[in-house]
>>> print(open('input25.json').read())   # JSON, C-alpha atoms and all ligand atoms
[["chain", "number", "residue", "atom", "x", "y", "z"],
["A", 26, "MET", "CA", 94.75, 29.09, -210.51],
["A", 27, "GLU", "CA", 93.94, 32.60, -209.32],
["A", 28, "LEU", "CA", 90.29, 32.62, -210.50],
["A", 29, "ARG", "CA", 89.58, 29.46, -208.54],
["A", 30, "LYS", "CA", 91.34, 30.78, -205.43],
["A", 31, "ARG", "CA", 89.40, 34.04, -205.47],
["A", 32, "LEU", "CA", 86.12, 32.30, -206.02],
["A", 33, "LEU", "CA", 86.66, 29.80, -203.20],
["A", 34, "ALA", "CA", 87.82, 32.50, -200.78],
["A", 35, "TRP", "CA", 84.75, 34.59, -201.60],
["A", 36, "TYR", "CA", 82.47, 31.56, -201.12],
["A", 37, "GLY", "CA", 84.04, 30.85, -197.73],
["A", 38, "ARG", "CA", 83.15, 34.38, -196.61],
["A", 39, "LYS", "CA", 79.81, 34.99, -198.30],
["A", 40, "LYS", "CA", 77.96, 31.71, -198.78],
["A", 41, "ARG", "CA", 74.45, 31.56, -197.47],
["A", 42, "ASP", "CA", 73.83, 29.27, -194.52],
["A", 43, "LEU", "CA", 71.47, 26.68, -196.01],
["A", 44, "PRO", "CA", 70.39, 23.44, -194.31],
["A", 45, "TRP", "CA", 71.77, 21.14, -197.05],
["A", 46, "ARG", "CA", 75.16, 22.81, -196.71],
["A", 47, "ARG", "CA", 75.40, 21.51, -193.15],
["A", 48, "THR", "CA", 75.31, 17.84, -194.10],
["A", 49, "SER", "CA", 77.49, 15.33, -195.91],
["A", 50, "ASP", "CA", 74.70, 12.73, -196.09],
["A", 51, "PRO", "CA", 74.32, 11.80, -199.80],
["A", 52, "TYR", "CA", 70.60, 11.12, -199.30],
["A", 53, "ALA", "CA", 69.94, 14.59, -197.84],
["A", 54, "ILE", "CA", 72.03, 16.23, -200.58],
["A", 55, "TRP", "CA", 70.14, 14.27, -203.22],
["A", 56, "VAL", "CA", 66.75, 15.38, -201.79],
["A", 57, "SER", "CA", 67.90, 19.02, -201.75],
["A", 58, "GLU", "CA", 69.14, 18.89, -205.35],
["A", 59, "ILE", "CA", 65.86, 17.42, -206.59],
["A", 60, "MET", "CA", 63.83, 20.02, -204.68],
["A", 61, "LEU", "CA", 66.01, 22.85, -205.99],
["A", 62, "GLN", "CA", 65.28, 21.95, -209.62],
["A", 63, "GLN", "CA", 63.27, 24.88, -211.01],
["A", 64, "THR", "CA", 62.47, 26.09, -207.49],
["A", 65, "ARG", "CA", 63.78, 29.02, -205.47],
["A", 66, "VAL", "CA", 66.01, 28.35, -202.48],
["A", 67, "ALA", "CA", 63.72, 30.21, -200.04],
["A", 68, "ALA", "CA", 60.74, 28.11, -201.12],
["A", 69, "VAL", "CA", 62.66, 24.85, -200.76],
["A", 70, "VAL", "CA", 64.00, 25.28, -197.20],
["A", 71, "PRO", "CA", 60.79, 24.48, -195.22],
["A", 72, "TYR", "CA", 59.88, 21.61, -197.55],
["A", 73, "TYR", "CA", 63.37, 20.14, -197.27],
["A", 74, "GLU", "CA", 63.28, 20.23, -193.48],
["A", 75, "ARG", "CA", 59.79, 18.71, -193.25],
["A", 76, "PHE", "CA", 60.60, 16.05, -195.84],
["A", 77, "LEU", "CA", 63.74, 14.90, -194.03],
["A", 78, "ALA", "CA", 61.93, 14.88, -190.69],
["A", 79, "ARG", "CA", 59.27, 12.61, -192.23],
["A", 80, "PHE", "CA", 61.67, 10.48, -194.37],
["A", 81, "PRO", "CA", 65.03, 10.68, -192.57],
["A", 82, "ASP", "CA", 66.81, 8.11, -194.75],
["A", 83, "VAL", "CA", 66.48, 6.38, -198.07],
["A", 84, "CYS", "CA", 64.81, 3.28, -196.56],
["A", 85, "ALA", "CA", 62.13, 5.42, -194.92],
["A", 86, "LEU", "CA", 61.44, 7.04, -198.29],
["A", 87, "ALA", "CA", 61.53, 3.78, -200.26],
["A", 88, "THR", "CA", 59.03, 2.03, -197.97],
["A", 89, "ALA", "CA", 56.63, 4.98, -197.66],
["A", 90, "PRO", "CA", 53.44, 4.96, -199.78],
["A", 91, "LEU", "CA", 53.70, 7.28, -202.79],
["A", 92, "ASP", "CA", 50.70, 9.24, -201.48],
["A", 93, "ASP", "CA", 52.63, 10.15, -198.32],
["A", 94, "VAL", "CA", 55.54, 11.35, -200.41],
["A", 95, "LEU", "CA", 53.27, 13.42, -202.66],
["A", 96, "ALA", "CA", 51.55, 14.86, -199.57],
["A", 97, "GLN", "CA", 54.90, 16.05, -198.22],
["A", 98, "TRP", "CA", 55.71, 17.50, -201.64],
["A", 99, "SER", "CA", 52.33, 19.19, -201.95],
["A", 100, "GLY", "CA", 52.80, 22.87, -202.71],
["A", 101, "LEU", "CA", 56.31, 22.53, -204.10],
["A", 102, "GLY", "CA", 55.09, 21.77, -207.63],
["A", 103, "TYR", "CA", 56.60, 19.68, -210.44],
["A", 104, "TYR", "CA", 55.33, 16.50, -208.79],
["A", 105, "ARG", "CA", 57.10, 14.26, -211.26],
["A", 106, "ARG", "CA", 60.21, 15.00, -209.22],
["A", 107, "ALA", "CA", 58.63, 13.41, -206.14],
["A", 108, "ARG", "CA", 57.55, 10.33, -208.11],
["A", 109, "HIS", "CA", 61.04, 9.90, -209.55],
["A", 110, "LEU", "CA", 62.63, 10.42, -206.14],
["A", 111, "HIS", "CA", 60.37, 7.76, -204.64],
["A", 112, "ALA", "CA", 61.09, 5.31, -207.49],
["A", 113, "ALA", "CA", 64.83, 5.98, -207.26],
["A", 114, "ALA", "CA", 64.77, 5.47, -203.47],
["A", 115, "ALA", "CA", 63.55, 1.90, -203.99],
["A", 116, "ILE", "CA", 66.55, 1.25, -206.28],
["A", 117, "VAL", "CA", 69.03, 2.87, -203.88],
["A", 118, "ALA", "CA", 67.58, 1.02, -200.85],
["A", 119, "ARG", "CA", 68.06, -2.25, -202.75],
["A", 120, "ASP", "CA", 71.39, -1.66, -204.53],
["A", 121, "GLY", "CA", 73.10, 1.00, -202.42],
["A", 122, "PHE", "CA", 73.90, 4.62, -203.26],
["A", 123, "PRO", "CA", 75.71, 5.10, -206.60],
["A", 124, "GLY", "CA", 79.02, 6.82, -205.96],
["A", 125, "THR", "CA", 79.75, 8.48, -209.30],
["A", 126, "ALA", "CA", 78.01, 11.00, -211.53],
["A", 127, "LYS", "CA", 77.80, 8.42, -214.31],
["A", 128, "GLU", "CA", 76.09, 5.87, -212.07],
["A", 129, "LEU", "CA", 73.79, 8.48, -210.55],
["A", 130, "ARG", "CA", 72.48, 9.35, -214.01],
["A", 131, "ALA", "CA", 70.98, 5.90, -214.29],
["A", 132, "LEU", "CA", 68.50, 6.73, -211.51],
["A", 133, "PRO", "CA", 65.05, 8.14, -212.36],
["A", 134, "GLY", "CA", 64.89, 11.94, -212.21],
["A", 135, "ILE", "CA", 68.67, 12.51, -212.24],
["A", 136, "GLY", "CA", 70.08, 14.33, -215.25],
["A", 137, "ALA", "CA", 73.59, 15.60, -215.96],
["A", 138, "TYR", "CA", 73.34, 18.63, -213.70],
["A", 139, "THR", "CA", 71.91, 16.81, -210.67],
["A", 140, "ALA", "CA", 74.33, 13.89, -211.05],
["A", 141, "ALA", "CA", 77.33, 16.23, -211.09],
["A", 142, "ALA", "CA", 75.98, 18.20, -208.13],
["A", 143, "ILE", "CA", 75.42, 15.12, -205.96],
["A", 144, "ALA", "CA", 78.68, 13.43, -207.01],
["A", 145, "SER", "CA", 80.76, 16.52, -206.29],
["A", 146, "ILE", "CA", 79.03, 17.60, -203.07],
["A", 147, "ALA", "CA", 78.48, 14.17, -201.51],
["A", 148, "PHE", "CA", 81.45, 12.21, -202.91],
["A", 149, "GLY", "CA", 84.04, 14.83, -203.85],
["A", 150, "GLU", "CA", 84.07, 13.92, -207.55],
["A", 151, "ALA", "CA", 85.53, 16.67, -209.73],
["A", 152, "ALA", "CA", 82.44, 16.87, -211.95],
["A", 153, "ALA", "CA", 81.52, 20.42, -212.97],
["A", 154, "VAL", "CA", 77.87, 21.42, -212.74],
["A", 155, "VAL", "CA", 76.24, 23.56, -215.38],
["A", 156, "ASP", "CA", 72.98, 25.17, -214.33],
["A", 157, "GLY", "CA", 71.49, 28.50, -215.41],
["A", 158, "ASN", "CA", 73.64, 30.42, -212.94],
["A", 159, "VAL", "CA", 76.87, 28.78, -214.10],
["A", 160, "GLU", "CA", 75.94, 29.34, -217.75],
["A", 161, "ARG", "CA", 75.41, 33.03, -217.14],
["A", 162, "VAL", "CA", 78.60, 33.55, -215.13],
["A", 163, "VAL", "CA", 80.81, 31.65, -217.59],
["A", 164, "CYS", "CA", 79.32, 33.46, -220.60],
["A", 165, "ARG", "CA", 79.84, 36.82, -218.95],
["A", 166, "LEU", "CA", 83.39, 36.00, -217.91],
["A", 167, "ALA", "CA", 84.10, 35.17, -221.55],
["A", 168, "ALA", "CA", 81.87, 37.96, -222.88],
["A", 169, "GLY", "CA", 80.51, 35.50, -225.37],
["A", 170, "ASP", "CA", 77.51, 33.42, -226.18],
["A", 171, "LEU", "CA", 79.06, 30.01, -225.54],
["A", 172, "THR", "CA", 77.38, 26.72, -226.25],
["A", 173, "LYS", "CA", 76.45, 24.54, -223.31],
["A", 174, "ARG", "CA", 79.28, 22.20, -224.22],
["A", 175, "GLU", "CA", 81.83, 25.04, -224.21],
["A", 176, "ILE", "CA", 80.51, 26.25, -220.86],
["A", 177, "GLY", "CA", 80.82, 22.75, -219.43],
["A", 178, "GLU", "CA", 84.39, 22.43, -220.74],
["A", 179, "ARG", "CA", 85.43, 25.71, -219.15],
["A", 180, "ALA", "CA", 83.82, 24.89, -215.82],
["A", 181, "GLN", "CA", 85.46, 21.47, -215.92],
["A", 182, "ALA", "CA", 88.85, 23.05, -216.60],
["A", 183, "TRP", "CA", 88.45, 25.46, -213.68],
["A", 184, "ILE", "CA", 87.03, 23.08, -211.09],
["A", 185, "SER", "CA", 89.16, 22.54, -208.03],
["A", 186, "PRO", "CA", 90.20, 18.88, -207.81],
["A", 187, "ARG", "CA", 90.63, 19.33, -204.06],
["A", 188, "SER", "CA", 87.34, 21.12, -203.34],
["A", 189, "PRO", "CA", 84.95, 20.31, -206.19],
["A", 190, "ALA", "CA", 81.93, 20.64, -203.90],
["A", 191, "ASN", "CA", 82.84, 24.15, -202.83],
["A", 192, "PHE", "CA", 83.88, 25.17, -206.32],
["A", 193, "ASN", "CA", 80.59, 24.08, -207.89],
["A", 194, "GLN", "CA", 78.54, 25.67, -205.16],
["A", 195, "ALA", "CA", 80.64, 28.84, -205.30],
["A", 196, "LEU", "CA", 80.05, 29.31, -209.03],
["A", 197, "MET", "CA", 76.32, 28.75, -208.61],
["A", 198, "GLU", "CA", 76.23, 31.01, -205.56],
["A", 199, "LEU", "CA", 78.00, 33.77, -207.47],
["A", 200, "GLY", "CA", 75.35, 33.56, -210.20],
["A", 201, "ALA", "CA", 72.56, 33.53, -207.63],
["A", 202, "ILE", "CA", 73.60, 36.50, -205.50],
["A", 203, "VAL", "CA", 76.18, 38.60, -207.42],
["A", 204, "CYS", "CA", 76.11, 37.91, -211.16],
["A", 205, "THR", "CA", 72.32, 38.00, -211.29],
["A", 206, "PRO", "CA", 70.37, 38.00, -214.58],
["A", 207, "ARG", "CA", 69.24, 41.63, -214.62],
["A", 208, "SER", "CA", 71.60, 43.57, -212.39],
["A", 209, "PRO", "CA", 74.99, 41.96, -211.77],
["A", 210, "SER", "CA", 76.90, 43.60, -208.91],
["A", 211, "CYS", "CA", 80.23, 43.84, -210.73],
["A", 212, "PRO", "CA", 81.93, 46.16, -208.19],
["A", 213, "ARG", "CA", 81.60, 43.50, -205.46],
["A", 214, "CYS", "CA", 82.33, 40.51, -207.70],
["A", 215, "PRO", "CA", 85.42, 38.48, -206.72],
["A", 216, "LEU", "CA", 86.00, 37.61, -210.40],
["A", 217, "ARG", "CA", 85.78, 41.09, -211.90],
["A", 218, "GLU", "CA", 89.49, 41.09, -212.80],
["A", 219, "PHE", "CA", 88.98, 37.97, -214.90],
["A", 220, "CYS", "CA", 85.74, 39.12, -216.47],
["A", 221, "ALA", "CA", 85.63, 40.33, -220.05],
["A", 222, "THR", "CA", 82.12, 41.71, -219.55],
["A", 223, "ARG", "CA", 82.12, 43.45, -216.17],
["A", 224, "SER", "CA", 79.40, 46.02, -216.08],
["A", 225, "ASP", "CA", 80.05, 47.33, -219.60],
["A", 226, "ARG", "CA", 77.52, 45.11, -221.24],
["A", 227, "TRP", "CA", 76.00, 41.77, -220.59],
["A", 228, "PRO", "CA", 73.74, 39.56, -222.61],
["A", 229, "THR", "CA", 70.17, 40.59, -221.90],
["A", 230, "PRO", "CA", 67.98, 37.72, -220.74],
["A", 231, "ARG", "CA", 65.85, 36.23, -223.44],
["A", 232, "LYS", "CA", 62.31, 37.56, -223.43],
["A", 233, "ARG", "CA", 59.81, 35.04, -222.15],
["A", 234, "ALA", "CA", 56.64, 34.33, -224.05],
["A", 235, "ALA", "CA", 53.77, 36.49, -222.85],
["A", 236, "PRO", "CA", 51.80, 34.69, -220.12],
["A", 237, "ILE", "CA", 48.40, 33.29, -220.98],
["A", 238, "ASP", "CA", 45.50, 34.36, -218.78],
["A", 239, "LYS", "CA", 42.99, 31.65, -218.06],
["A", 240, "ARG", "CA", 39.92, 31.43, -215.84],
["A", 241, "VAL", "CA", 39.13, 28.21, -213.95],
["A", 242, "GLU", "CA", 35.81, 27.53, -212.24],
["A", 243, "VAL", "CA", 35.82, 25.16, -209.25],
["A", 244, "VAL", "CA", 33.20, 24.05, -206.75],
["A", 245, "PHE", "CA", 33.56, 24.14, -202.98],
["A", 246, "ALA", "CA", 31.05, 21.77, -201.43],
["A", 247, "THR", "CA", 30.97, 20.71, -197.78],
["A", 248, "ARG", "CA", 28.94, 18.13, -195.92],
["A", 249, "GLY", "CA", 29.14, 17.69, -192.15],
["A", 250, "GLY", "CA", 32.44, 19.56, -191.98],
["A", 251, "ARG", "CA", 33.95, 17.58, -194.86],
["A", 252, "VAL", "CA", 34.99, 18.97, -198.21],
["A", 253, "GLN", "CA", 34.54, 17.31, -201.56],
["A", 254, "LEU", "CA", 37.69, 16.59, -203.56],
["A", 255, "LEU", "CA", 38.51, 14.75, -206.76],
["A", 256, "ARG", "CA", 41.66, 12.87, -207.57],
["A", 257, "ARG", "CA", 43.36, 14.02, -210.71],
["A", 258, "SER", "CA", 44.36, 11.44, -213.28],
["A", 259, "GLY", "CA", 45.68, 11.32, -216.80],
["A", 260, "THR", "CA", 47.92, 14.39, -216.57],
["A", 261, "ALA", "CA", 51.63, 13.78, -216.28],
["A", 262, "LEU", "CA", 52.08, 16.96, -214.28],
["A", 263, "LEU", "CA", 49.59, 16.46, -211.44],
["A", 264, "ASP", "CA", 48.59, 12.82, -211.70],
["A", 265, "GLY", "CA", 47.39, 11.47, -208.33],
["A", 266, "MET", "CA", 46.95, 14.89, -206.70],
["A", 267, "TRP", "CA", 43.64, 15.95, -205.13],
["A", 268, "GLU", "CA", 41.78, 19.08, -206.19],
["A", 269, "LEU", "CA", 38.39, 20.77, -206.06],
["A", 270, "PRO", "CA", 35.94, 19.52, -208.72],
["A", 271, "SER", "CA", 35.70, 21.82, -211.69],
["A", 272, "GLY", "CA", 32.40, 23.43, -212.53],
["A", 273, "LYS", "CA", 30.22, 26.41, -211.86],
["A", 274, "GLN", "CA", 27.01, 26.95, -209.91],
["A", 275, "THR", "CA", 24.60, 29.51, -211.20],
["A", 276, "ASP", "CA", 22.55, 29.91, -208.00],
["A", 277, "GLY", "CA", 25.20, 31.40, -205.74],
["A", 278, "ASP", "CA", 27.86, 34.04, -205.59],
["A", 279, "VAL", "CA", 31.54, 33.41, -206.07],
["A", 280, "LEU", "CA", 33.09, 32.65, -202.67],
["A", 281, "ALA", "CA", 36.64, 33.61, -203.56],
["A", 282, "THR", "CA", 38.91, 34.39, -206.47],
["A", 283, "VAL", "CA", 42.40, 32.94, -206.32],
["A", 284, "LYS", "CA", 45.38, 33.72, -208.53],
["A", 285, "HIS", "CA", 47.82, 30.93, -209.34],
["A", 286, "GLY", "CA", 50.68, 30.80, -211.84],
["A", 287, "VAL", "CA", 51.71, 27.59, -213.62],
["A", 288, "LEU", "CA", 54.53, 27.70, -216.17],
["A", 289, "ASN", "CA", 53.48, 30.55, -218.47],
["A", 290, "GLN", "CA", 49.81, 30.55, -217.47],
["A", 291, "ARG", "CA", 48.21, 33.06, -215.12],
["A", 292, "LEU", "CA", 45.24, 31.20, -213.73],
["A", 293, "SER", "CA", 42.34, 32.88, -212.00],
["A", 294, "TYR", "CA", 40.31, 30.37, -209.97],
["A", 295, "ARG", "CA", 36.73, 31.29, -209.13],
["A", 296, "VAL", "CA", 35.44, 29.22, -206.23],
["A", 297, "TRP", "CA", 31.68, 28.59, -206.34],
["A", 298, "PRO", "CA", 29.48, 27.16, -203.59],
["A", 299, "GLY", "CA", 28.10, 23.72, -204.40],
["A", 300, "ARG", "CA", 25.94, 20.91, -203.08],
["A", 301, "ARG", "CA", 26.02, 18.08, -205.60],
["A", 302, "THR", "CA", 28.50, 15.23, -205.36],
["A", 303, "ALA", "CA", 30.74, 15.16, -208.41],
["A", 304, "ALA", "CA", 31.32, 11.77, -210.04],
["A", 305, "GLY", "CA", 34.23, 10.01, -208.37],
["A", 306, "ALA", "CA", 34.58, 12.64, -205.61],
["A", 307, "ARG", "CA", 35.31, 11.85, -201.96],
["A", 308, "TRP", "CA", 34.71, 13.82, -198.76],
["A", 309, "PHE", "CA", 37.51, 14.74, -196.33],
["A", 310, "THR", "CA", 37.84, 16.39, -192.93],
["A", 311, "VAL", "CA", 40.32, 19.24, -192.41],
["A", 312, "ARG", "CA", 42.74, 16.83, -190.73],
["A", 313, "GLU", "CA", 42.51, 14.36, -193.62],
["A", 314, "VAL", "CA", 43.05, 17.11, -196.17],
["A", 315, "GLY", "CA", 46.26, 18.00, -194.32],
["A", 316, "GLU", "CA", 47.62, 14.54, -195.11],
["A", 317, "LEU", "CA", 46.57, 14.44, -198.77],
["A", 318, "PRO", "CA", 48.70, 15.23, -201.79],
["A", 319, "LEU", "CA", 46.81, 18.39, -202.66],
["A", 320, "THR", "CA", 47.46, 20.64, -205.65],
["A", 321, "THR", "CA", 48.81, 24.06, -204.75],
["A", 322, "ALA", "CA", 45.81, 25.71, -206.41],
["A", 323, "ALA", "CA", 43.37, 23.61, -204.33],
["A", 324, "ARG", "CA", 45.26, 24.48, -201.15],
["A", 325, "LYS", "CA", 45.07, 28.20, -202.00],
["A", 326, "CYS", "CA", 41.34, 27.93, -202.76],
["A", 327, "LEU", "CA", 40.62, 26.05, -199.51],
["A", 328, "LYS", "CA", 42.50, 28.70, -197.57],
["A", 329, "ALA", "CA", 40.70, 31.49, -199.40],
["A", 330, "VAL", "CA", 37.28, 30.13, -198.41],
["A", 331, "GLY", "CA", 38.42, 29.51, -194.82],
["A", 332, "PHE", "CA", 38.31, 25.70, -194.89],
["A", 333, "LEU", "CA", 42.06, 25.43, -194.26],
["A", 334, "PRO", "CA", 43.87, 27.72, -191.84],
["B", 1, "LIG", "S1", 82.27, 41.10, -213.06],
["B", 1, "LIG", "FE1", 80.07, 41.37, -213.27],
["B", 1, "LIG", "S2", 79.47, 40.36, -215.19],
["B", 1, "LIG", "FE2", 81.55, 39.63, -214.63],
["B", 1, "LIG", "S3", 81.18, 37.73, -213.49],
["B", 1, "LIG", "FE3", 81.32, 39.39, -211.98],
["B", 1, "LIG", "S4", 79.21, 40.08, -211.63],
["B", 1, "LIG", "FE4", 79.23, 38.84, -213.53]]
>>> encode(input="input25.json", output="structure tokens")
Amino acid sequence: MELRKRLLAWYGRKKRDLPWRRTSDPYAIWVSEIMLQQTRVAAVVPYYERFLARFPDVCALATAPLDDVLAQWSGLGYYRRARHLHAAAAIVARDGFPGTAKELRALPGIGAYTAAAIASIAFGEAAAVVDGNVERVVCRLAAGDLTKREIGERAQAWISPRSPANFNQALMELGAIVCTPRSPSCPRCPLREFCATRSDRWPTPRKRAAPIDKRVEVVFATRGGRVQLLRRSGTALLDGMWELPSGKQTDGDVLATVKHGVLNQRLSYRVWPGRRTAAGARWFTVREVGELPLTTAARKCLKAVGFLP
């Protein structure tokens, strides 16, 4: 099939050199796919390298305390991914690595996309992946608003049975660097001859809901070189992570203002000086803070006030 040939040839020439593309280790590929969920490639690279240095195989991850795993994940966001990865590692260490997309889906944190990605890249299964990039490219090639099922069927029909890993990655790569959401580079697209859209018109991205601005007051209190932190609980998103106690002092000036975006919220943290010990809080040295699962916002605030480098 000519489309497949062109795409694979283009991928061979233009693919980005990324650390998870230099390995055939299913564990490393799995870690990369989980980290890449809802996260930009550039942000993932340093976390991926640190994570694999700390947990080089599935047994190392399975036997590590969850806090260590969350600490390594700290700053990457969507911490449920790290919890699922840790829980799934225990299953894989006990039962062995599932070898098919269908079996992979039974593990915590692995949905249809991730299962197909791991099965094709690590095990050569001809399972087509459908992520946002693939959806966009396939819809533009067809110049139509296809359903997810139709997109999956087309991708499955096109996938190379001999190089499913490269085919899947090529289609995603094309969406990431050529057929981008706002300004596709049609003149340098290897599939332009097969594309019913080209640069004539393309579906405009759906408008996102307007972000919500929110102010958050937090307290920075130190004692003998230690900082006071509270452990978060009861929120699915950040459960178990450490953060600065919330609150506001009226007898001091704001030490720092920190901007932080979460989903569709634009948060503005105001960091106040404090002295009182908040209920349930604990005190940590700089070195100890470096080993804690810390929320990204808390890390930014501690940097802003000079506690962390
Ligand atoms: S020709 Fe343009 S719109 Fe069509 S797939 Fe290539 S980059 Fe996307």
>>> closest_residue(input="input25.json", among="A:Ala235, A:Val162, A:Leu255, A:Leu319", to="Leu32 of chain A", atoms="all atoms listed in the file")
A:Val162
>>> residues_near_ligand(input="input25.json", ligand="ligand LIG 1 (chain B)", cutoff="9 Å", atoms="all atoms listed in the file", output="PDB file with C-alpha atoms, in the frame of the given file")
ATOM      1  CA  ARG A 161      75.410  33.030-217.140  1.00  0.00           C
ATOM      2  CA  VAL A 162      78.600  33.550-215.130  1.00  0.00           C
ATOM      3  CA  VAL A 163      80.810  31.650-217.590  1.00  0.00           C
ATOM      4  CA  CYS A 164      79.320  33.460-220.600  1.00  0.00           C
ATOM      5  CA  ARG A 165      79.840  36.820-218.950  1.00  0.00           C
ATOM      6  CA  LEU A 166      83.390  36.000-217.910  1.00  0.00           C
ATOM      7  CA  ALA A 167      84.100  35.170-221.550  1.00  0.00           C
ATOM      8  CA  ALA A 168      81.870  37.960-222.880  1.00  0.00           C
ATOM      9  CA  LEU A 199      78.000  33.770-207.470  1.00  0.00           C
ATOM     10  CA  GLY A 200      75.350  33.560-210.200  1.00  0.00           C
ATOM     11  CA  VAL A 203      76.180  38.600-207.420  1.00  0.00           C
ATOM     12  CA  CYS A 204      76.110  37.910-211.160  1.00  0.00           C
ATOM     13  CA  THR A 205      72.320  38.000-211.290  1.00  0.00           C
ATOM     14  CA  PRO A 206      70.370  38.000-214.580  1.00  0.00           C
ATOM     15  CA  SER A 208      71.600  43.570-212.390  1.00  0.00           C
ATOM     16  CA  PRO A 209      74.990  41.960-211.770  1.00  0.00           C
ATOM     17  CA  SER A 210      76.900  43.600-208.910  1.00  0.00           C
ATOM     18  CA  CYS A 211      80.230  43.840-210.730  1.00  0.00           C
ATOM     19  CA  PRO A 212      81.930  46.160-208.190  1.00  0.00           C
ATOM     20  CA  ARG A 213      81.600  43.500-205.460  1.00  0.00           C
ATOM     21  CA  CYS A 214      82.330  40.510-207.700  1.00  0.00           C
ATOM     22  CA  PRO A 215      85.420  38.480-206.720  1.00  0.00           C
ATOM     23  CA  LEU A 216      86.000  37.610-210.400  1.00  0.00           C
ATOM     24  CA  ARG A 217      85.780  41.090-211.900  1.00  0.00           C
ATOM     25  CA  GLU A 218      89.490  41.090-212.800  1.00  0.00           C
ATOM     26  CA  PHE A 219      88.980  37.970-214.900  1.00  0.00           C
ATOM     27  CA  CYS A 220      85.740  39.120-216.470  1.00  0.00           C
ATOM     28  CA  ALA A 221      85.630  40.330-220.050  1.00  0.00           C
ATOM     29  CA  THR A 222      82.120  41.710-219.550  1.00  0.00           C
ATOM     30  CA  ARG A 223      82.120  43.450-216.170  1.00  0.00           C
ATOM     31  CA  SER A 224      79.400  46.020-216.080  1.00  0.00           C
ATOM     32  CA  ASP A 225      80.050  47.330-219.600  1.00  0.00           C
ATOM     33  CA  ARG A 226      77.520  45.110-221.240  1.00  0.00           C
ATOM     34  CA  TRP A 227      76.000  41.770-220.590  1.00  0.00           C
TER      35      TRP A 227
END
>>> residues_around(input="input25.json", residues="Arg312 of chain A", least_positions_apart="3", cutoff="10 Å", atoms="only C-alpha atoms", output="MDAnalysis selection string")
chainID A and resid 251 309 315:317 333
>>> closest_atom_pairs(input="input25.json", of="segment 76-141 of chain A", to="segment 170-186 of chain A", cutoff="12 Å", atoms="all atoms listed in the file", output="tab-separated table")
residue	atom	partner	partner_atom	distance
A:Ala137	CA	A:Gly177	CA	10.7
A:Tyr138	CA	A:Gly177	CA	10.3
A:Ala141	CA	A:Gln181	CA	10.8
>>> residues_around(input="input25.json", residues="Gly102 of chain A", least_positions_apart="5", cutoff="10 Å", atoms="only C-alpha atoms", output="ChimeraX atom specification")
/A:60,63-64,95,107,262-263,287,320-321
>>> write_last_selection(input="input25.json", atoms="C-alpha atoms", output="short mmCIF file (atom, residue, chain, number, x, y, z; two decimals), in the coordinates of the input")
data_model
loop_
_atom_site.label_atom_id
_atom_site.label_comp_id
_atom_site.auth_asym_id
_atom_site.auth_seq_id
_atom_site.Cartn_x
_atom_site.Cartn_y
_atom_site.Cartn_z
CA MET A 60 63.83 20.02 -204.68
CA GLN A 63 63.27 24.88 -211.01
CA THR A 64 62.47 26.09 -207.49
CA LEU A 95 53.27 13.42 -202.66
CA ALA A 107 58.63 13.41 -206.14
CA LEU A 262 52.08 16.96 -214.28
CA LEU A 263 49.59 16.46 -211.44
CA VAL A 287 51.71 27.59 -213.62
CA THR A 320 47.46 20.64 -205.65
CA THR A 321 48.81 24.06 -204.75
#
>>> residues_around(input="input25.json", residues="Asp50 of chain A", least_positions_apart="5", cutoff="9 Å", atoms="all atoms listed in the file", output="list in words")
Trp45, Trp55 and Ala147 of chain A
>>> closest_residue(input="input25.json", among="A:Leu33, A:Ile59, A:Ala153, A:Ala85", to="Pro133 of chain A", atoms="only C-alpha atoms")
A:Ile59
>>> atom_distance(input="input25.json", atom1="atom CA of Leu280 of chain A", atom2="atom CA of Val296 of chain A")
5.5 Å
>>> closest_residue(input="input25.json", among="A:Val94, A:Val69, A:Leu292, A:Ala190", to="Pro236 of chain A", atoms="all atoms listed in the file")
A:Leu292
>>> atom_distance(input="input25.json", atom1="atom CA of Gln97 of chain A", atom2="atom CA of Arg79 of chain A")
8.2 Å
>>> closest_residue(input="input25.json", among="A:Ile54, A:Leu254, A:Ala118, A:Leu101", to="Gly305 of chain A", atoms="all atoms listed in the file")
A:Leu254
